[in-house]
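This report concerns only the one structure given below.
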Amino acid sequence: MEQLSAAYWDNRYKNNDIGWDLGEVSPPLKAYIDQMIDKTIRILIPGGGNSYEAEYLFNKGFKNVYVVDVSKTALDNIKSRVPDFPDSHLLLHDFFDLEMSFDLIFEQTFFCALQPKLRPQYVTKMNELLVESGILVGVLFNVPLFKDHPPFGGSTSEYLQYFQTALRIITMAPCYNSHVSRQDKELFVILEKPKH
C-alpha cells in the first residue's frame with residue numbers, strides 16, 4: 001500500500017495532518033518515565049514522530065535516547081524544540097532496517113500506524129532490537145478503529161497471539177491514566193525479552 005510510504009508520512013507532518021499527535025507526553029508513558037532511575041540505559045522510540053517522550057526523557061537527563069522515523073519533517077520538529085538533542089540519535093530510517101540494540105523501547109502509536117500484516121514482523125524486530133531482559137513499554141489501542149487506513153486498532157486477544165511468541169508479557173491491561181482523548185481505548189503493556 002503506497003499510501004504508507006515515507007513520503008506519505010512526511011506529507012502528513014508537513015500538512016500538520018497528525019490527529020494522533022497529543023502535543024504532549026502520553027500520560028501513561030510519562031508516569032512510567034517518572035519512576036525510572038538508570039539514566040544510562042539505551043532507549044528507542046520507533047515511529048516517534050514529534051516524540052514529546054524523547055524530549056521529556058532528554059530534559060530529565062536520559063542521554064541515550066534514540067528516535068527512528070521515516071519522516072524528516074517529524075525529526076526536524078524534535079530538533080527545533082530540543083536543539084541540544086544529538087543529531088546522531090535522530091534516525092531517518094525504516095524501523096525494520098535498524099540494526100542496534102536497546103534496553104528499553106517505548107511504543108506510542110507506531111504499532112497502530114503499521115499495516116496489520118506487518119505486526120508479526122514488528123514483534124520479531126522488537127525481539128531483535130532488545131537486549132536480553134530488555135523491555136518494551138507502551139500503549140496499544142484496545143478498540144477496532146479503521147480497516148483501510150491508520151490508525152489500525154486491535155484487541156487484547158489479538159495482541160497476545162503476536163507478542164507471546166517472542167516476548168514475556170509482564171503487563172497487558174486496560175490503561176487507567178490515558179490522555180482524555182484516549183480514555184477507555186488503550187491497553188498499557190510491559191513486555192520483556194526473555195533470557196536464553
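Following the order of the C-alpha cells, chains are lettered A, B, ..., residues in each are numbered from 1, and ligands are numbered from 1.
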Show me, as an mmCIF file with N, CA, C and O atoms, in the first residue's frame, the residues that have an atom within 12 Å of Ile43 of chain A when counting only C-alpha atoms, minus same-chain residues fewer than 3 positions from it.
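Result file around.cif:
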data_model
loop_
_atom_site.group_PDB
_atom_site.id
_atom_site.type_symbol
_atom_site.label_atom_id
_atom_site.label_comp_id
_atom_site.auth_asym_id
_atom_site.auth_seq_id
_atom_site.Cartn_x
_atom_site.Cartn_y
_atom_site.Cartn_z
ATOM 1 N N ILE A 33 8.102 6.886 32.906
ATOM 2 C CA ILE A 33 9.405 7.571 32.869
ATOM 3 C C ILE A 33 9.727 8.165 34.243
ATOM 4 O O ILE A 33 10.874 8.106 34.699
ATOM 5 N N MET A 36 11.597 5.900 36.505
ATOM 6 C CA MET A 36 12.849 5.313 36.016
ATOM 7 C C MET A 36 14.038 5.971 36.713
ATOM 8 O O MET A 36 14.055 7.185 36.905
ATOM 9 N N ASP A 38 17.748 4.604 36.247
ATOM 10 C CA ASP A 38 19.007 4.482 35.499
ATOM 11 C C ASP A 38 18.963 5.336 34.231
ATOM 12 O O ASP A 38 18.253 5.013 33.276
ATOM 13 N N LYS A 39 19.726 6.422 34.237
ATOM 14 C CA LYS A 39 19.691 7.355 33.100
ATOM 15 C C LYS A 39 20.710 7.012 32.020
ATOM 16 O O LYS A 39 20.854 7.730 31.044
ATOM 17 N N THR A 40 21.406 5.879 32.192
ATOM 18 C CA THR A 40 22.405 5.491 31.191
ATOM 19 C C THR A 40 21.850 4.509 30.162
ATOM 20 O O THR A 40 22.509 4.230 29.158
ATOM 21 N N PRO A 46 10.386 4.119 18.421
ATOM 22 C CA PRO A 46 10.208 3.868 16.988
ATOM 23 C C PRO A 46 8.974 4.559 16.432
ATOM 24 O O PRO A 46 7.962 4.683 17.123
ATOM 25 N N GLY A 48 8.637 7.551 16.029
ATOM 26 C CA GLY A 48 8.448 8.507 17.122
ATOM 27 C C GLY A 48 7.731 9.792 16.767
ATOM 28 O O GLY A 48 7.224 10.480 17.639
ATOM 29 N N GLU A 53 7.885 12.340 24.070
ATOM 30 C CA GLU A 53 8.513 11.427 25.025
ATOM 31 C C GLU A 53 10.035 11.558 24.988
ATOM 32 O O GLU A 53 10.697 11.583 26.026
ATOM 33 N N ALA A 54 10.598 11.651 23.768
ATOM 34 C CA ALA A 54 12.058 11.811 23.633
ATOM 35 C C ALA A 54 12.506 13.132 24.253
ATOM 36 O O ALA A 54 13.520 13.191 24.954
ATOM 37 N N LEU A 57 12.288 12.755 28.113
ATOM 38 C CA LEU A 57 13.396 11.930 28.593
ATOM 39 C C LEU A 57 14.709 12.713 28.565
ATOM 40 O O LEU A 57 15.467 12.720 29.538
ATOM 41 N N PHE A 58 14.985 13.360 27.462
ATOM 42 C CA PHE A 58 16.237 14.100 27.288
ATOM 43 C C PHE A 58 16.356 15.204 28.345
ATOM 44 O O PHE A 58 17.403 15.379 28.969
ATOM 45 N N PHE A 62 18.165 11.719 30.513
ATOM 46 C CA PHE A 62 18.420 10.476 29.780
ATOM 47 C C PHE A 62 19.095 10.856 28.461
ATOM 48 O O PHE A 62 18.484 11.489 27.598
ATOM 49 N N LYS A 63 20.353 10.486 28.298
ATOM 50 C CA LYS A 63 21.125 10.954 27.132
ATOM 51 C C LYS A 63 21.270 9.916 26.038
ATOM 52 O O LYS A 63 21.770 10.218 24.962
ATOM 53 N N ASN A 64 20.867 8.668 26.303
ATOM 54 C CA ASN A 64 20.962 7.624 25.281
ATOM 55 C C ASN A 64 19.587 7.330 24.679
ATOM 56 O O ASN A 64 19.148 6.187 24.601
ATOM 57 N N VAL A 65 18.900 8.394 24.268
ATOM 58 C CA VAL A 65 17.557 8.281 23.702
ATOM 59 C C VAL A 65 17.653 8.424 22.187
ATOM 60 O O VAL A 65 18.264 9.372 21.685
ATOM 61 N N TYR A 66 17.045 7.484 21.481
ATOM 62 C CA TYR A 66 17.041 7.492 20.014
ATOM 63 C C TYR A 66 15.601 7.514 19.511
ATOM 64 O O TYR A 66 14.725 6.871 20.092
ATOM 65 N N VAL A 67 15.394 8.247 18.425
ATOM 66 C CA VAL A 67 14.096 8.256 17.760
ATOM 67 C C VAL A 67 14.335 7.812 16.320
ATOM 68 O O VAL A 67 15.225 8.335 15.645
ATOM 69 N N VAL A 68 13.565 6.848 15.854
ATOM 70 C CA VAL A 68 13.635 6.445 14.446
ATOM 71 C C VAL A 68 12.290 6.752 13.799
ATOM 72 O O VAL A 68 11.233 6.474 14.368
ATOM 73 N N HIS A 89 21.203 10.782 17.107
ATOM 74 C CA HIS A 89 20.168 9.995 17.781
ATOM 75 C C HIS A 89 18.800 10.180 17.120
ATOM 76 O O HIS A 89 17.820 9.593 17.571
ATOM 77 N N MET A 100 20.575 -2.097 15.765
ATOM 78 C CA MET A 100 21.145 -1.571 17.001
ATOM 79 C C MET A 100 20.569 -2.418 18.135
ATOM 80 O O MET A 100 19.790 -3.342 17.879
ATOM 81 N N SER A 101 20.915 -2.089 19.358
ATOM 82 C CA SER A 101 20.292 -2.796 20.486
ATOM 83 C C SER A 101 19.944 -1.794 21.580
ATOM 84 O O SER A 101 20.633 -0.783 21.755
ATOM 85 N N PHE A 102 18.870 -2.107 22.299
ATOM 86 C CA PHE A 102 18.320 -1.177 23.281
ATOM 87 C C PHE A 102 17.881 -1.914 24.537
ATOM 88 O O PHE A 102 17.463 -3.069 24.491
ATOM 89 N N ASP A 103 17.966 -1.198 25.662
ATOM 90 C CA ASP A 103 17.497 -1.728 26.939
ATOM 91 C C ASP A 103 15.991 -1.550 27.089
ATOM 92 O O ASP A 103 15.321 -2.341 27.758
ATOM 93 N N LEU A 104 15.479 -0.487 26.466
ATOM 94 C CA LEU A 104 14.073 -0.121 26.625
ATOM 95 C C LEU A 104 13.559 0.481 25.327
ATOM 96 O O LEU A 104 14.250 1.300 24.697
ATOM 97 N N ILE A 105 12.379 0.047 24.907
ATOM 98 C CA ILE A 105 11.729 0.620 23.725
ATOM 99 C C ILE A 105 10.340 1.078 24.144
ATOM 100 O O ILE A 105 9.608 0.347 24.826
ATOM 101 N N PHE A 106 9.991 2.300 23.750
ATOM 102 C CA PHE A 106 8.658 2.843 24.038
ATOM 103 C C PHE A 106 7.770 2.731 22.802
ATOM 104 O O PHE A 106 8.171 3.137 21.703
ATOM 105 N N GLU A 107 6.576 2.221 22.993
ATOM 106 C CA GLU A 107 5.572 2.121 21.925
ATOM 107 C C GLU A 107 4.495 3.167 22.167
ATOM 108 O O GLU A 107 3.872 3.187 23.216
ATOM 109 N N LEU A 129 15.863 -6.129 18.490
ATOM 110 C CA LEU A 129 16.428 -4.856 18.948
ATOM 111 C C LEU A 129 16.664 -4.808 20.455
ATOM 112 O O LEU A 129 17.515 -4.057 20.925
ATOM 113 N N LEU A 130 15.897 -5.583 21.202
ATOM 114 C CA LEU A 130 16.034 -5.564 22.657
ATOM 115 C C LEU A 130 17.189 -6.463 23.105
ATOM 116 O O LEU A 130 17.384 -7.554 22.572
ATOM 117 N N VAL A 131 17.931 -5.986 24.096
ATOM 118 C CA VAL A 131 18.934 -6.834 24.746
ATOM 119 C C VAL A 131 18.188 -7.863 25.596
ATOM 120 O O VAL A 131 16.993 -7.728 25.847
ATOM 121 N N GLY A 134 15.600 -6.957 28.089
ATOM 122 C CA GLY A 134 15.152 -5.624 27.666
ATOM 123 C C GLY A 134 13.636 -5.549 27.680
ATOM 124 O O GLY A 134 12.944 -6.571 27.604
ATOM 125 N N ILE A 135 13.126 -4.333 27.778
ATOM 126 C CA ILE A 135 11.695 -4.121 27.997
ATOM 127 C C ILE A 135 11.085 -3.273 26.872
ATOM 128 O O ILE A 135 11.660 -2.274 26.446
ATOM 129 N N LEU A 136 9.907 -3.703 26.430
ATOM 130 C CA LEU A 136 9.061 -2.910 25.533
ATOM 131 C C LEU A 136 7.889 -2.418 26.369
ATOM 132 O O LEU A 136 7.159 -3.224 26.956
ATOM 133 N N VAL A 137 7.750 -1.096 26.465
ATOM 134 C CA VAL A 137 6.695 -0.487 27.282
ATOM 135 C C VAL A 137 5.873 0.436 26.399
ATOM 136 O O VAL A 137 6.430 1.167 25.577
#
Next item on the list: Name the residues of chain A that come out as alpha helix (DSSP H) in a backbone DSSP run; write them as a ChimeraX atom specification.
Entry: /A:6-14,27-34,52-59,72-81,119-129,156-163
Next item on the list: Can you work out which one of A:Pro86, A:Gly61, A:Pro174, A:Gly47 has the shortest atom-to-atom distance to Ala74 of chain A, counting only C-alpha atoms?
Entry: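 Ranked by minimum distance to Ala74 of chain A, first place goes to A:Gly47.
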Next item on the list: Using only C-alpha atoms, find the one residue out of A:Asn142, A:Gly153, A:Leu160, A:Asp69 that sits nearest to Asp184 of chain A.
Entry: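 The answer is A:Asn142, which sits nearest to Asp184 of chain A.
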Note to self: Could you tell me how far atom CA of Asn50 of chain A sits from atom CA of Ser88 of chain A, in Å to one decimal place?
What the structure shows: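 One can read the atom CA of Ser88 of chain A to atom CA of Asn50 of chain A distance as 16.3 Å.
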Next item on the list: Write out as a ChimeraX atom specification all residues of segment 34-152 of chain A that backbone DSSP assigns to strand (DSSP E).
Entry: /A:43-46,65-69,90-92,102-108,130-141
Notebook entry, point to check: Which residues, written as a PyMOL selection string, have at least one atom at most 12 Å from Val82 of chain A, with only C-alpha atoms counted and residues fewer than 2 positions away on the same chain left out?
Noted result: chain A and resi 50-59+75-80+84-87+90
Next item on the list: State, in Å with one decimal place, the distance from atom CA of Met126 of chain A to atom CA of Gln183 of chain A.
Entry: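 Between these atoms lies a distance of 26.5 Å.
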Check: Suppose you want the space between atom CA of Ile41 of chain A and atom CA of Pro28 of chain A; what is it in Å?
Finding: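 Atom CA of Ile41 of chain A sits 19.6 Å away from atom CA of Pro28 of chain A.
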Next item on the list: Point out the residue among A:Glu158, A:Val123, A:Ile45, A:Tyr176 with the least atom-to-atom distance to Glu192 of chain A, counting only C-alpha atoms.
Entry: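 Counting only C-alpha atoms, the residue closest to Glu192 of chain A is A:Val123.
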Next item on the list: With a distance cut-off of 7 Å and only C-alpha atoms, select the neighbouring residues of segment 162-171 of chain A, excluding the residue or stretch itself and same-chain residues fewer than 2 positions from it, and output the selection as a ChimeraX atom specification.
Entry: /A:120,123-124,127,158-160,173,189-194
Checklist line | Residue nearest Val143 of chain A - candidates A:Arg42, A:Lys185, A:Lys195, A:Lys72, atoms counted: only C-alpha atoms | finding: A:Lys185
